[in-house]
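File shown here: final-v5.cif, holding mmCIF, C-alpha atoms.
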data_coords
loop_
_atom_site.label_atom_id
_atom_site.label_comp_id
_atom_site.auth_asym_id
_atom_site.auth_seq_id
_atom_site.Cartn_x
_atom_site.Cartn_y
_atom_site.Cartn_z
CA MET A 1 -10.89 12.70 -20.10
CA SER A 2 -11.60 15.13 -17.29
CA GLN A 3 -15.37 14.58 -17.26
CA LEU A 4 -16.25 10.92 -17.68
CA LEU A 5 -19.58 9.53 -18.84
CA ARG A 6 -20.24 6.65 -16.42
CA VAL A 7 -22.84 3.90 -16.19
CA GLN A 8 -23.24 2.92 -12.51
CA ASN A 9 -25.07 -0.01 -10.95
CA PHE A 10 -27.00 -0.94 -14.07
CA ASN A 11 -28.67 -4.33 -13.64
CA VAL A 12 -29.36 -6.87 -16.35
CA SER A 13 -30.62 -10.44 -16.41
CA SER A 14 -28.32 -13.31 -17.37
CA ASP A 15 -29.79 -13.10 -20.87
CA GLY A 16 -29.01 -9.39 -21.19
CA PHE A 17 -32.26 -7.55 -20.43
CA GLY A 18 -32.39 -4.42 -18.25
CA ALA A 19 -36.18 -4.60 -17.85
CA GLY A 20 -39.01 -6.87 -18.88
CA GLU A 21 -41.89 -6.18 -21.20
CA ASN A 22 -45.12 -4.26 -20.50
CA GLN A 23 -43.82 -1.52 -18.23
CA SER A 24 -46.66 0.10 -16.28
CA LEU A 25 -47.24 2.36 -13.31
CA GLU A 26 -47.47 -0.69 -11.07
CA ARG A 27 -44.56 -2.52 -12.72
CA PRO A 28 -41.73 -0.08 -13.61
CA PHE A 29 -39.63 -3.03 -14.80
CA GLY A 30 -42.43 -4.76 -16.69
CA HIS A 31 -42.57 -8.51 -16.12
CA ALA A 32 -39.14 -8.42 -14.43
CA ASN A 33 -39.17 -8.59 -10.65
CA PRO A 34 -36.95 -5.75 -9.41
CA GLY A 35 -36.55 -7.55 -6.09
CA ASP A 36 -34.74 -10.39 -7.88
CA MET A 37 -32.43 -8.09 -9.79
CA PHE A 38 -31.64 -5.39 -7.22
CA ALA A 39 -31.45 -7.36 -3.97
CA TRP A 40 -27.64 -7.13 -3.98
CA CYS A 41 -27.78 -3.29 -3.89
CA GLY A 42 -30.34 -3.05 -1.13
CA ALA A 43 -28.24 -5.25 1.17
CA THR A 44 -25.28 -2.86 1.18
CA ALA A 45 -24.47 -0.15 3.73
CA SER A 46 -24.04 2.55 1.07
CA TRP A 47 -27.18 2.02 -1.02
CA PRO A 48 -28.52 5.55 -1.65
CA MET A 49 -32.12 4.54 -0.89
CA ARG A 50 -31.18 2.92 2.45
CA THR A 51 -33.20 4.33 5.32
CA GLU A 52 -31.92 2.19 8.21
CA PRO A 53 -28.39 1.69 9.57
CA GLY A 54 -26.49 -1.53 8.94
CA GLY A 55 -25.81 -3.32 5.67
CA SER A 56 -22.84 -5.16 4.20
CA ARG A 57 -19.47 -3.48 3.55
CA GLY A 58 -17.87 -6.02 1.24
CA LEU A 59 -17.45 -6.02 -2.54
CA ASP A 60 -21.01 -4.99 -3.40
CA ASP A 61 -20.73 -1.97 -1.14
CA TYR A 62 -17.77 -0.63 -3.14
CA LEU A 63 -20.03 -0.67 -6.17
CA THR A 64 -23.07 0.99 -4.61
CA ARG A 65 -21.08 3.74 -2.94
CA ASP A 66 -19.52 4.66 -6.24
CA TYR A 67 -23.01 5.63 -7.46
CA GLU A 68 -22.78 9.27 -6.43
CA ARG A 69 -19.00 9.82 -6.25
CA ASN A 70 -18.05 12.87 -8.31
CA ILE A 71 -21.33 12.86 -10.27
CA GLY A 72 -22.62 16.26 -11.38
CA ALA A 73 -25.49 15.33 -13.72
CA GLU A 74 -27.48 12.35 -14.98
CA ILE A 75 -28.85 11.43 -18.40
CA MET A 76 -31.76 9.00 -18.56
CA GLY A 77 -34.20 7.65 -21.13
CA ARG A 78 -37.84 8.54 -20.93
CA ASN A 79 -38.85 5.03 -19.87
CA LYS A 80 -36.65 5.32 -16.80
CA PHE A 81 -38.50 8.52 -15.94
CA GLY A 82 -42.01 7.13 -16.34
CA PRO A 83 -44.39 4.66 -17.99
CA GLN A 84 -46.05 7.18 -20.36
CA ARG A 85 -45.52 7.06 -24.11
CA GLY A 86 -46.14 9.76 -26.74
CA PRO A 87 -47.06 13.38 -25.97
CA TRP A 88 -47.50 14.35 -22.32
CA LEU A 89 -51.21 14.44 -21.49
CA ASP A 90 -50.44 16.61 -18.48
CA HIS A 91 -47.43 17.37 -16.29
CA SER A 92 -48.59 15.72 -13.09
CA TRP A 93 -46.11 12.80 -13.36
CA LEU A 94 -42.91 13.73 -11.49
CA GLY A 95 -40.99 10.44 -11.74
CA TRP A 96 -41.05 7.25 -9.68
CA TRP A 97 -39.06 8.59 -6.76
CA GLY A 98 -41.37 10.68 -4.58
CA ASP A 99 -40.43 14.07 -3.14
CA GLU A 100 -36.71 13.32 -2.79
CA PRO A 101 -35.30 11.73 -5.93
CA PRO A 102 -31.92 10.08 -5.25
CA PHE A 103 -30.08 11.95 -8.04
CA ARG A 104 -29.44 15.34 -6.32
CA THR A 105 -28.12 16.87 -9.55
CA PRO A 106 -29.59 18.11 -12.83
CA VAL A 107 -31.16 15.18 -14.75
CA PHE A 108 -31.63 15.22 -18.52
CA VAL A 109 -34.55 13.07 -19.72
CA LEU A 110 -34.43 12.08 -23.38
CA THR A 111 -37.81 12.55 -25.06
CA HIS A 112 -39.22 13.70 -28.37
CA HIS A 113 -41.98 15.47 -26.47
CA GLU A 114 -41.28 18.83 -24.90
CA ARG A 115 -42.05 19.59 -21.31
CA PRO A 116 -40.96 22.34 -18.88
CA SER A 117 -38.15 21.63 -16.40
CA PHE A 118 -39.09 21.15 -12.75
CA THR A 119 -37.28 20.75 -9.44
CA LEU A 120 -37.92 18.29 -6.61
CA SER A 121 -35.71 18.73 -3.56
CA ASP A 122 -32.07 18.73 -4.87
CA THR A 123 -32.93 17.29 -8.30
CA THR A 124 -33.94 19.29 -11.40
CA PHE A 125 -35.38 17.40 -14.38
CA HIS A 126 -34.88 18.79 -17.89
CA PHE A 127 -36.52 17.27 -20.99
CA VAL A 128 -34.42 17.22 -24.13
CA ASP A 129 -34.94 16.15 -27.71
CA ALA A 130 -31.41 15.84 -29.12
CA ASP A 131 -28.85 13.28 -30.24
CA PRO A 132 -26.59 11.64 -27.64
CA ALA A 133 -23.54 13.83 -28.28
CA ALA A 134 -25.58 17.03 -27.91
CA VAL A 135 -27.29 15.83 -24.73
CA LEU A 136 -23.93 14.83 -23.27
CA GLU A 137 -22.57 18.29 -23.99
CA ARG A 138 -25.47 19.89 -22.11
CA ALA A 139 -25.06 17.47 -19.20
CA ARG A 140 -21.32 18.14 -19.00
CA ASP A 141 -21.96 21.86 -18.81
CA ALA A 142 -24.47 21.33 -16.03
CA ALA A 143 -22.11 18.99 -14.14
CA GLN A 144 -19.64 21.82 -13.51
CA GLY A 145 -16.50 19.78 -13.96
CA LYS A 146 -17.81 16.59 -12.39
CA ASP A 147 -18.65 13.36 -14.23
CA VAL A 148 -21.99 12.54 -15.85
CA ARG A 149 -23.90 9.38 -15.00
CA LEU A 150 -25.79 7.58 -17.75
CA GLY A 151 -28.75 6.16 -15.84
CA GLY A 152 -30.41 3.84 -18.37
CA GLY A 153 -32.52 2.10 -19.47
CA ALA A 154 -30.81 -0.46 -21.64
CA THR A 155 -31.82 1.17 -24.94
CA THR A 156 -30.44 4.52 -23.87
CA ILE A 157 -27.18 3.02 -22.65
CA ARG A 158 -26.72 1.08 -25.85
CA GLN A 159 -27.36 4.21 -27.91
CA PHE A 160 -24.56 6.08 -26.09
CA VAL A 161 -22.22 3.06 -26.19
CA ASP A 162 -22.75 2.65 -29.92
CA ALA A 163 -22.00 6.37 -30.38
CA GLY A 164 -18.65 5.80 -28.60
CA LEU A 165 -19.50 8.22 -25.78
CA VAL A 166 -19.29 5.99 -22.68
CA ASP A 167 -16.05 6.01 -20.64
CA THR A 168 -16.76 3.53 -17.85
CA MET A 169 -19.63 1.14 -17.23
CA HIS A 170 -20.61 -1.03 -14.30
CA VAL A 171 -23.25 -3.64 -15.12
CA ALA A 172 -24.37 -6.20 -12.54
CA VAL A 173 -25.59 -9.41 -14.17
CA SER A 174 -28.18 -11.26 -12.07
CA PRO A 175 -28.67 -15.02 -12.16
CA VAL A 176 -32.24 -14.66 -13.46
CA LYS A 177 -33.53 -15.03 -17.02
CA LEU A 178 -36.12 -12.66 -18.46
CA GLY A 179 -36.56 -14.10 -21.96
CA SER A 180 -37.63 -10.77 -23.44
CA GLY A 181 -37.68 -7.04 -22.72
CA SER A 182 -35.31 -4.13 -23.07
CA ARG A 183 -32.01 -5.59 -24.21
CA LEU A 184 -28.53 -4.27 -23.34
CA TRP A 185 -26.58 -7.00 -25.11
CA GLU A 186 -26.59 -10.54 -26.42
CA SER A 187 -23.30 -11.01 -24.58
CA PRO A 188 -20.92 -8.60 -22.80
CA ASP A 189 -18.18 -9.91 -25.07
CA GLU A 190 -19.60 -7.90 -27.94
CA LEU A 191 -18.27 -4.75 -26.22
CA ARG A 192 -14.67 -5.95 -25.81
CA ASP A 193 -13.52 -4.16 -28.97
CA GLN A 194 -14.44 -0.86 -27.37
CA PHE A 195 -13.72 -1.56 -23.70
CA HIS A 196 -11.42 -3.37 -21.31
CA LEU A 197 -13.56 -5.67 -19.16
CA ASP A 198 -13.11 -7.07 -15.65
CA VAL A 199 -15.64 -9.81 -14.83
CA VAL A 200 -16.01 -10.09 -11.05
CA PRO A 201 -18.35 -12.63 -9.45
CA SER A 202 -19.74 -11.41 -6.13
CA PRO A 203 -20.56 -13.61 -3.14
CA SER A 204 -24.09 -12.13 -3.39
CA GLY A 205 -24.72 -14.04 -6.63
CA VAL A 206 -24.46 -11.21 -9.16
CA THR A 207 -21.48 -10.89 -11.47
CA HIS A 208 -20.11 -7.38 -11.77
CA HIS A 209 -18.96 -6.38 -15.23
CA LEU A 210 -16.58 -3.40 -15.13
CA PHE A 211 -15.82 -1.79 -18.48
CA TRP A 212 -13.46 1.05 -19.27
CA ARG A 213 -12.64 2.61 -22.60
CA ARG A 214 -9.72 1.20 -24.60
CA MET B 215 -20.68 3.59 13.83
CA SER B 216 -20.47 7.09 12.53
CA GLN B 217 -16.66 7.22 12.36
CA LEU B 218 -15.21 3.97 11.07
CA LEU B 219 -11.66 2.74 11.58
CA ARG B 220 -10.65 1.45 8.14
CA VAL B 221 -7.67 -0.44 6.77
CA GLN B 222 -7.26 0.45 3.06
CA ASN B 223 -5.07 -1.12 0.41
CA PHE B 224 -2.89 -3.05 2.83
CA ASN B 225 -0.74 -5.57 0.95
CA VAL B 226 0.43 -8.94 2.22
CA SER B 227 2.21 -11.88 0.67
CA SER B 228 0.44 -15.19 0.12
CA ASP B 229 1.99 -16.40 3.39
CA GLY B 230 0.66 -13.41 5.33
CA PHE B 231 3.55 -10.95 5.65
CA GLY B 232 3.11 -7.19 5.15
CA ALA B 233 6.86 -6.58 4.86
CA GLY B 234 10.05 -8.60 4.83
CA GLU B 235 12.87 -8.62 7.33
CA ASN B 236 15.72 -6.13 7.72
CA GLN B 237 13.93 -2.89 6.91
CA SER B 238 16.42 -0.14 6.04
CA LEU B 239 16.53 3.29 4.46
CA GLU B 240 17.14 1.69 1.08
CA ARG B 241 14.60 -1.11 1.58
CA PRO B 242 11.49 0.19 3.38
CA PHE B 243 9.91 -3.27 3.01
CA GLY B 244 13.01 -5.22 3.99
CA HIS B 245 13.71 -8.20 1.78
CA ALA B 246 10.26 -7.88 0.17
CA ASN B 247 10.18 -6.30 -3.28
CA PRO B 248 7.50 -3.59 -3.15
CA GLY B 249 7.26 -3.70 -6.94
CA ASP B 250 5.97 -7.28 -6.72
CA MET B 251 3.42 -6.50 -4.07
CA PHE B 252 2.11 -3.10 -5.14
CA ALA B 253 2.11 -3.35 -8.93
CA TRP B 254 -1.69 -3.75 -8.95
CA CYS B 255 -2.12 -0.32 -7.27
CA GLY B 256 0.25 1.55 -9.52
CA ALA B 257 -1.56 0.34 -12.64
CA THR B 258 -4.86 1.98 -11.66
CA ALA B 259 -6.18 5.40 -12.71
CA SER B 260 -6.93 6.47 -9.11
CA TRP B 261 -3.68 5.53 -7.38
CA PRO B 262 -2.88 8.55 -5.16
CA MET B 263 0.81 8.57 -6.15
CA ARG B 264 0.00 8.54 -9.90
CA THR B 265 1.67 11.41 -11.72
CA GLU B 266 0.64 10.67 -15.32
CA PRO B 267 -2.82 10.29 -16.88
CA GLY B 268 -4.16 6.88 -17.88
CA GLY B 269 -4.45 3.72 -15.83
CA SER B 270 -7.04 0.98 -15.50
CA ARG B 271 -10.59 1.61 -14.27
CA GLY B 272 -11.70 -1.92 -13.45
CA LEU B 273 -11.97 -3.72 -10.11
CA ASP B 274 -8.57 -2.66 -8.73
CA ASP B 275 -9.40 0.99 -9.36
CA TYR B 276 -12.46 0.78 -7.10
CA LEU B 277 -10.11 -0.29 -4.33
CA THR B 278 -7.43 2.34 -4.83
CA ARG B 279 -9.87 5.22 -5.14
CA ASP B 280 -11.44 4.27 -1.85
CA TYR B 281 -8.11 5.08 -0.17
CA GLU B 282 -8.94 8.70 0.58
CA ARG B 283 -12.76 8.69 0.52
CA ASN B 284 -14.08 10.26 3.72
CA ILE B 285 -10.77 9.86 5.58
CA GLY B 286 -9.99 12.54 8.18
CA ALA B 287 -6.92 11.09 9.94
CA GLU B 288 -4.44 8.21 9.76
CA ILE B 289 -2.82 6.05 12.43
CA MET B 290 0.44 4.29 11.56
CA GLY B 291 3.14 2.32 13.33
CA ARG B 292 6.61 3.76 13.69
CA ASN B 293 8.10 1.33 11.17
CA LYS B 294 5.76 2.65 8.49
CA PHE B 295 7.06 6.15 9.28
CA GLY B 296 10.75 5.28 9.13
CA PRO B 297 13.54 2.73 9.56
CA GLN B 298 14.87 4.10 12.88
CA ARG B 299 14.52 2.17 16.13
CA GLY B 300 14.80 3.43 19.73
CA PRO B 301 15.14 7.10 20.75
CA TRP B 302 15.29 9.69 17.97
CA LEU B 303 18.92 10.73 17.44
CA ASP B 304 17.69 13.90 15.74
CA HIS B 305 14.53 15.09 14.02
CA SER B 306 15.81 15.30 10.46
CA TRP B 307 13.82 12.25 9.26
CA LEU B 308 10.45 13.42 7.91
CA GLY B 309 9.11 10.13 6.53
CA TRP B 310 9.55 8.31 3.23
CA TRP B 311 7.27 10.49 1.20
CA GLY B 312 9.13 13.68 0.29
CA ASP B 313 7.63 17.17 0.55
CA GLU B 314 4.05 16.10 -0.25
CA PRO B 315 3.05 13.05 1.75
CA PRO B 316 -0.07 11.39 0.27
CA PHE B 317 -2.06 11.46 3.53
CA ARG B 318 -3.29 15.10 3.53
CA THR B 319 -4.71 14.74 7.05
CA PRO B 320 -3.33 14.57 10.58
CA VAL B 321 -1.26 11.37 11.00
CA PHE B 322 -0.65 9.74 14.39
CA VAL B 323 2.60 7.77 14.56
CA LEU B 324 2.77 5.18 17.36
CA THR B 325 6.10 5.35 19.20
CA HIS B 326 7.44 5.05 22.73
CA HIS B 327 9.82 7.91 21.97
CA GLU B 328 8.54 11.47 22.09
CA ARG B 329 9.04 13.89 19.28
CA PRO B 330 7.46 17.25 18.35
CA SER B 331 4.70 17.33 15.71
CA PHE B 332 5.58 18.74 12.30
CA THR B 333 3.73 19.62 9.09
CA LEU B 334 4.63 18.87 5.48
CA SER B 335 2.27 20.33 2.87
CA ASP B 336 -1.26 19.15 3.90
CA THR B 337 -0.07 16.46 6.32
CA THR B 338 0.72 16.93 10.03
CA PHE B 339 2.56 14.13 11.85
CA HIS B 340 1.97 13.65 15.58
CA PHE B 341 3.94 11.16 17.70
CA VAL B 342 1.99 9.35 20.38
CA ASP B 343 2.80 6.83 23.09
CA ALA B 344 -0.57 5.38 24.06
CA ASP B 345 -2.66 2.23 23.78
CA PRO B 346 -4.75 1.63 20.63
CA ALA B 347 -8.06 2.79 22.10
CA ALA B 348 -6.57 6.08 23.31
CA VAL B 349 -4.82 6.74 20.00
CA LEU B 350 -8.03 6.02 18.12
CA GLU B 351 -9.89 8.51 20.30
CA ARG B 352 -7.34 11.22 19.48
CA ALA B 353 -7.47 10.38 15.76
CA ARG B 354 -11.28 10.47 15.75
CA ASP B 355 -11.24 13.92 17.32
CA ALA B 356 -8.76 15.11 14.69
CA ALA B 357 -10.81 13.57 11.86
CA GLN B 358 -13.71 15.95 12.51
CA GLY B 359 -16.48 13.48 11.85
CA LYS B 360 -14.75 11.61 9.05
CA ASP B 361 -13.35 8.07 9.22
CA VAL B 362 -9.86 7.13 10.41
CA ARG B 363 -7.50 5.06 8.27
CA LEU B 364 -5.26 2.52 9.96
CA GLY B 365 -2.20 2.58 7.74
CA GLY B 366 -0.13 -0.33 9.00
CA GLY B 367 2.28 -2.06 9.23
CA ALA B 368 1.07 -5.54 9.92
CA THR B 369 1.94 -5.48 13.62
CA THR B 370 0.02 -2.26 14.16
CA ILE B 371 -3.01 -3.51 12.26
CA ARG B 372 -3.02 -6.76 14.20
CA GLN B 373 -2.81 -4.86 17.48
CA PHE B 374 -5.93 -2.83 16.63
CA VAL B 375 -7.77 -5.87 15.25
CA ASP B 376 -7.05 -7.86 18.39
CA ALA B 377 -8.34 -4.93 20.46
CA GLY B 378 -11.63 -5.14 18.49
CA LEU B 379 -11.27 -1.60 17.14
CA VAL B 380 -11.26 -2.15 13.36
CA ASP B 381 -14.53 -1.71 11.44
CA THR B 382 -13.55 -2.48 7.84
CA MET B 383 -10.38 -3.84 6.30
CA HIS B 384 -9.19 -4.24 2.73
CA VAL B 385 -6.14 -6.49 2.38
CA ALA B 386 -4.74 -7.37 -1.05
CA VAL B 387 -2.99 -10.74 -1.03
CA SER B 388 -0.22 -10.99 -3.63
CA PRO B 389 0.85 -14.24 -5.27
CA VAL B 390 4.38 -13.97 -3.81
CA LYS B 391 5.83 -15.74 -0.78
CA LEU B 392 8.08 -13.92 1.69
CA GLY B 393 8.87 -16.71 4.14
CA SER B 394 9.45 -14.32 7.04
CA GLY B 395 8.90 -10.74 8.11
CA SER B 396 6.12 -8.70 9.67
CA ARG B 397 3.14 -11.02 9.89
CA LEU B 398 -0.52 -9.99 9.59
CA TRP B 399 -1.98 -13.50 9.82
CA GLU B 400 -1.35 -17.20 9.37
CA SER B 401 -4.60 -17.27 7.38
CA PRO B 402 -7.39 -14.72 6.82
CA ASP B 403 -9.81 -17.33 8.12
CA GLU B 404 -8.60 -16.66 11.66
CA LEU B 405 -10.47 -13.33 11.52
CA ARG B 406 -13.84 -14.75 10.47
CA ASP B 407 -15.14 -14.80 14.05
CA GLN B 408 -14.80 -11.05 14.19
CA PHE B 409 -15.55 -10.08 10.58
CA HIS B 410 -17.62 -10.92 7.54
CA LEU B 411 -15.24 -11.61 4.66
CA ASP B 412 -15.60 -11.31 0.88
CA VAL B 413 -12.70 -12.94 -1.00
CA VAL B 414 -12.44 -11.39 -4.47
CA PRO B 415 -9.80 -12.52 -6.97
CA SER B 416 -8.75 -9.70 -9.30
CA PRO B 417 -7.70 -10.13 -12.93
CA SER B 418 -4.43 -8.41 -11.90
CA GLY B 419 -3.40 -11.47 -9.88
CA VAL B 420 -3.99 -10.19 -6.33
CA THR B 421 -6.90 -11.43 -4.26
CA HIS B 422 -8.78 -8.71 -2.44
CA HIS B 423 -9.96 -9.59 1.05
CA LEU B 424 -12.77 -7.32 2.23
CA PHE B 425 -13.63 -7.56 5.91
CA TRP B 426 -16.36 -5.81 7.83
CA ARG B 427 -17.30 -6.10 11.46
CA ARG B 428 -19.89 -8.70 12.49
#
Here is the file; what I need is its structure written in the form of structure tokens.
Amino acid sequence: MSQLLRVQNFNVSSDGFGAGENQSLERPFGHANPGDMFAWCGATASWPMRTEPGGSRGLDDYLTRDYERNIGAEIMGRNKFGPQRGPWLDHSWLGWWGDEPPFRTPVFVLTHHERPSFTLSDTTFHFVDADPAAVLERARDAAQGKDVRLGGGATTIRQFVDAGLVDTMHVAVSPVKLGSGSRLWESPDELRDQFHLDVVPSPSGVTHHLFWRR
Amino acid sequence: MSQLLRVQNFNVSSDGFGAGENQSLERPFGHANPGDMFAWCGATASWPMRTEPGGSRGLDDYLTRDYERNIGAEIMGRNKFGPQRGPWLDHSWLGWWGDEPPFRTPVFVLTHHERPSFTLSDTTFHFVDADPAAVLERARDAAQGKDVRLGGGATTIRQFVDAGLVDTMHVAVSPVKLGSGSRLWESPDELRDQFHLDVVPSPSGVTHHLFWRR
């Protein structure tokens, strides 16, 4: 296992949803409030989107600073990239992240609809229509010996987990209920056949779930 | 705080001792059994002394892999370097670690007894007789912008903590009692005035204590 496929800092509600329903330009997480689910990340010193000094350096910081360690490529689902569905009407949408996306590696976006690659700052987005194993092979090549991060959303992660391709996974479970949306699991216990699992409550209120392949 | 002073993976007993009494060549930790106290490290995939593949990738692995992240120098007490006391009788002792010490940076050994620097593989040992602030300044220069690790033992760590020089500290408390030895604290609570503290029980049986400066 020289190049791991890793899920990092993926957030789900206590009832197992990674995002709510009705994603839109204004609400990337649908009816879920990202502030509720991601507050623990933003409070840490190492959060990649942090713009000011300071921040906590306890347990949660170990998790956020692992986000970019030894990562050479990312794979994400189309709904993480944007709110559009179906064929691209034009190519003006460049992701949610402005001129400096936090990935700083090649990113492979899963979509059935072709689109040319483009580069923003240190991040290049490629659009691929292929099964998980084939996409992972492309991402591993691009990662040049480093690991590959599986960025989400929940449907994409579950697809790779069910194909047996994920090596390690960090999921932070927030103490909020969503009721409906994009589901990662009914319960983390359903993955214990495939993974070892450490369940680690954080003083911030989230419970970190750390999986690694059996 | 661009160059932190960090304690990483320091192990103490449940009654606060980092090592037992009567350190000797055969028993670097005195009457303490290092196997009891360090088993949690050795089980992880990222333990720097690991020679075979495998190992766990849960909570404990986050801690062990942080050991060398962004570290440019180490400071250690003389008793961590060796069992000798008083003036050096000769210079044949090169540390406990064989031909490839795991530090891979300059290391500053605190001692009142001068000795020439020497290099083993990627590690250079310097011997310094100075107060904590002055040693830290030398180590920061040597670290070339990276952080400095404070390696122990307990007396050395406590000296730097009491001088207000430590920025972050990870101490793993093992469920074993030593009764006597080199003491880090009566209780971790005595450091709460100076540090924030996350107390994180691990499934392996140790309890990680994560401190960061207030």
Contacts from chain A to chain B, 12 Å maximum, all atoms listed in the file: show me the residue list as a PDB file with C-alpha atoms, in the frame of the given file.
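out24.pdb, written as the output of this step:
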ATOM      1  CA  MET A   1     -10.890  12.700 -20.100  1.00  0.00           C
ATOM      2  CA  SER A   2     -11.600  15.130 -17.290  1.00  0.00           C
ATOM      3  CA  LEU A   4     -16.250  10.920 -17.680  1.00  0.00           C
ATOM      4  CA  ARG A   6     -20.240   6.650 -16.420  1.00  0.00           C
ATOM      5  CA  THR A  44     -25.280  -2.860   1.180  1.00  0.00           C
ATOM      6  CA  ALA A  45     -24.470  -0.150   3.730  1.00  0.00           C
ATOM      7  CA  PRO A  53     -28.390   1.690   9.570  1.00  0.00           C
ATOM      8  CA  GLY A  54     -26.490  -1.530   8.940  1.00  0.00           C
ATOM      9  CA  GLY A  55     -25.810  -3.320   5.670  1.00  0.00           C
ATOM     10  CA  SER A  56     -22.840  -5.160   4.200  1.00  0.00           C
ATOM     11  CA  ARG A  57     -19.470  -3.480   3.550  1.00  0.00           C
ATOM     12  CA  GLY A  58     -17.870  -6.020   1.240  1.00  0.00           C
ATOM     13  CA  LEU A  59     -17.450  -6.020  -2.540  1.00  0.00           C
ATOM     14  CA  ASP A  60     -21.010  -4.990  -3.400  1.00  0.00           C
ATOM     15  CA  ASP A  61     -20.730  -1.970  -1.140  1.00  0.00           C
ATOM     16  CA  TYR A  62     -17.770  -0.630  -3.140  1.00  0.00           C
ATOM     17  CA  LEU A  63     -20.030  -0.670  -6.170  1.00  0.00           C
ATOM     18  CA  THR A  64     -23.070   0.990  -4.610  1.00  0.00           C
ATOM     19  CA  ARG A  65     -21.080   3.740  -2.940  1.00  0.00           C
ATOM     20  CA  ASP A  66     -19.520   4.660  -6.240  1.00  0.00           C
ATOM     21  CA  TYR A  67     -23.010   5.630  -7.460  1.00  0.00           C
ATOM     22  CA  ARG A  69     -19.000   9.820  -6.250  1.00  0.00           C
ATOM     23  CA  ASN A  70     -18.050  12.870  -8.310  1.00  0.00           C
ATOM     24  CA  ASP A 167     -16.050   6.010 -20.640  1.00  0.00           C
ATOM     25  CA  THR A 168     -16.760   3.530 -17.850  1.00  0.00           C
ATOM     26  CA  MET A 169     -19.630   1.140 -17.230  1.00  0.00           C
ATOM     27  CA  HIS A 170     -20.610  -1.030 -14.300  1.00  0.00           C
ATOM     28  CA  VAL A 171     -23.250  -3.640 -15.120  1.00  0.00           C
ATOM     29  CA  PHE A 195     -13.720  -1.560 -23.700  1.00  0.00           C
ATOM     30  CA  HIS A 196     -11.420  -3.370 -21.310  1.00  0.00           C
ATOM     31  CA  LEU A 197     -13.560  -5.670 -19.160  1.00  0.00           C
ATOM     32  CA  ASP A 198     -13.110  -7.070 -15.650  1.00  0.00           C
ATOM     33  CA  VAL A 199     -15.640  -9.810 -14.830  1.00  0.00           C
ATOM     34  CA  VAL A 200     -16.010 -10.090 -11.050  1.00  0.00           C
ATOM     35  CA  PRO A 201     -18.350 -12.630  -9.450  1.00  0.00           C
ATOM     36  CA  SER A 202     -19.740 -11.410  -6.130  1.00  0.00           C
ATOM     37  CA  PRO A 203     -20.560 -13.610  -3.140  1.00  0.00           C
ATOM     38  CA  SER A 204     -24.090 -12.130  -3.390  1.00  0.00           C
ATOM     39  CA  THR A 207     -21.480 -10.890 -11.470  1.00  0.00           C
ATOM     40  CA  HIS A 208     -20.110  -7.380 -11.770  1.00  0.00           C
ATOM     41  CA  HIS A 209     -18.960  -6.380 -15.230  1.00  0.00           C
ATOM     42  CA  LEU A 210     -16.580  -3.400 -15.130  1.00  0.00           C
ATOM     43  CA  PHE A 211     -15.820  -1.790 -18.480  1.00  0.00           C
ATOM     44  CA  TRP A 212     -13.460   1.050 -19.270  1.00  0.00           C
ATOM     45  CA  ARG A 213     -12.640   2.610 -22.600  1.00  0.00           C
ATOM     46  CA  ARG A 214      -9.720   1.200 -24.600  1.00  0.00           C
TER      47      ARG A 214
END
Need to verify the contact set: Arg149 (chain A), 7 Å, all atoms listed in the file, exclusion of same-chain residues closer than 2 positions in sequence. Can you return it as a ChimeraX atom specification? /A:5-8,71,73-75,147,151
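Cα RMSD between chain A and chain B, computed after least-squares fitting of the latter onto the former across all residues in order: 0.0 Å.
A search radius of 12 Å centred on (18.1, 9.4, 12.9), applied to all atoms listed in the file, returns the residues Ser238, Leu239, Gly296, Pro297, Gln298, Arg299, Gly300, Pro301, Trp302, Leu303, Asp304, His305, Ser306, Trp307, Leu308, Gly309 and Arg329 of chain B.
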TODO: Please identify all polymer residues within 12 Å of Gly30 (chain A), counting all atoms listed in the file, omitting same-chain residues fewer than 3 positions from it, and present them as a list in words.
DONE: Phe17, Gly18, Ala19, Gly20, Glu21, Asn22, Gln23, Ser24, Leu25, Glu26, Arg27, Asn33, Pro34, Asn79, Lys80, Gly82, Pro83, Leu178, Ser180, Gly181 and Ser182 of chain A
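Our summary of the geometry notes that CA of Val226 (chain B) is positioned 19.5 Å from CA of Trp310 (chain B).
Take CA of Ser335 (chain B) and CA of Met251 (chain B): the distance between them is 27.7 Å.
When CA of Phe108 (chain A) is paired with CA of Asp122 (chain A), their separation reads 14.1 Å.
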Using only C-alpha atoms, the best pick from B:Gln217, B:Ser228, B:Thr338, B:Gln408 as closest to Val420 (chain B) would be B:Ser228
